[in-house]
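J.: Got a structure here, written out as structure tokens. Questions coming.
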Amino acid sequence: PTKLFEGTLTPGLQKAADRISMITQPPFLAIIAFVLLNLQVSNIGEQLLFDLICIVFALVVPVGVTFYFGKKHGNSELDVERREDRFPPLIIGTVGYFIGSALLYSLDAPGIVWGLMLCYAVVTAFITLITFYWKISIHACGCVGPSLALCFQFGPVGAVYFVLLPFTMWSRYVKRKH
């Protein structure tokens with residue numbers, strides 16, 4: 001069983017937790033990673049097309065679905081808070097990531113780009129299964145995945161998202177999300 005944070009925060013720490021939680025929304029971190037990974041494409045037209053596909057399937061679809069289901073279930077933030085309410089948005093997100101990866105692959109996007117989108121699909125599918133039993137932190141997963149891709153492509157400098165991980169975990173815990 002999960003043990004929720006039982007303490008209190010100063011207004012300054014509460015504000016910090018809120019901001020960290022917002023800026024580490026997985027789709028926002030994903031788009032930065034995808035844009036950086038697409039910079040290796042020399043043809044600007046192709047680069048912009050790949051960026052557009054990534055924006056649609058890794059940002060617009062997940063944020064739109066999360067916003068819709070969050071509002072449907074009475075959540076005030078960009079979250080679907082109750083574990084029991086997460087299944088439909090996770091399934092839609094998984095399908096969206098699979099479609100995005102197939103499009104990127106068929107248009108000959110760099111392997112790291114379509115591969116990362118495929119990783120998002122697979123990880124989201126596993127998160128969906130885990131959600132039946134436990135409320136896993138999608139925010140934490142959203143820090144690790146793109147950081148691994150950035151490390152693979154750019155070496156140690158790509159580990160920048162790993163720096164966000166402890167702060168993300170702290171913010172989600174003190175906000176009583178996990």
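The chains in the structure tokens are called A, B, ... from first to last as shown; in each chain the residues are counted from 1, and the ligands are counted from 1 in the order shown.
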Excluding stretch 26-39 of chain A and residues on its chain fewer than 5 positions from it, collect all residues at most 6 Å away from it, counting only C-alpha atoms, and give them as a list in words.
T.: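 Once the adjacent positions are removed, what remains is Gln47, Ala58, Leu59, His139, Gly142 and Pro146 of chain A.
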J.: If you run DSSP on the backbone here, which positions in chain A get helix (DSSP H, G or I)? Please write them as JSON, numbers by chain.
T.: {"A": [11, 12, 13, 14, 15, 16, 17, 18, 19, 20, 21, 22, 23, 26, 27, 28, 29, 30, 31, 32, 33, 34, 35, 36, 37, 38, 44, 45, 46, 47, 48, 49, 50, 51, 52, 53, 54, 55, 56, 57, 58, 59, 60, 61, 62, 63, 64, 65, 66, 67, 68, 69, 70, 71, 72, 83, 84, 85, 87, 88, 89, 90, 91, 92, 93, 94, 95, 96, 97, 98, 99, 100, 101, 102, 103, 104, 105, 106, 111, 112, 113, 114, 115, 116, 117, 118, 119, 120, 121, 122, 123, 124, 125, 126, 127, 128, 129, 130, 131, 138, 139, 140, 141, 142, 143, 144, 145, 146, 147, 148, 149, 150, 151, 152, 153, 154, 155, 156, 157, 158, 159, 160, 161, 162, 163, 164, 165, 166, 167, 168, 169, 170, 171, 172, 173, 174]}
J.: Find the residue from A:Leu49, A:Met22, A:Ala140, A:Lys177 that sits nearest to A:Leu165; use only C-alpha atoms when measuring.
T.: A:Ala140
J.: When you count only C-alpha atoms, which of these residues is closest to A:Tyr97: A:Gly111, A:Leu78, A:Cys54, A:Ile130?
T.: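 The answer is A:Cys54, which sits nearest to A:Tyr97.
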J.: May I have the residues within 10 Å of A:Lys135 as a list in words, using only C-alpha atoms and disregarding those fewer than 3 positions away in the same chain?
T.: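 Residues meeting the cut-off are Thr2, Glu81, Arg82, Arg83, Glu84, Arg86, Ile127, Thr128, Ile130, Thr131, Phe132, Ile138, Lys177 and His178 of chain A.
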J.: Counting only C-alpha atoms, what is within 12 Å of stretch 172-175 of chain A, bar same-chain residues fewer than 4 positions away, as a PyMOL selection string?
T.: chain A and resi 2-10+13-25+77+79+81+135-140+165-168
J.: In Å, with one decimal, what is the gap from atom CA of A:Gly115 to atom CA of A:Ala149?
T.: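 Between these atoms lies a distance of 8.9 Å.
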J.: May I ask which of the residues A:Gly155, A:Pro62, A:Gly12, A:Pro110 is the closest one to A:Ile92, counting only C-alpha atoms?
T.: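 So, comparing all the options, the nearest one is A:Pro62.
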J.: Report, in Å to a single decimal, how far apart atom CA of A:Val80 and atom CA of A:Leu116 are.
T.: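 Atom CA of A:Leu116 sits 23.8 Å away from atom CA of A:Val80.
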J.: To one decimal place, how far is atom CA of A:Gly74 from atom CA of A:Gly93 in Å?
T.: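 It comes out at 19.9 Å.
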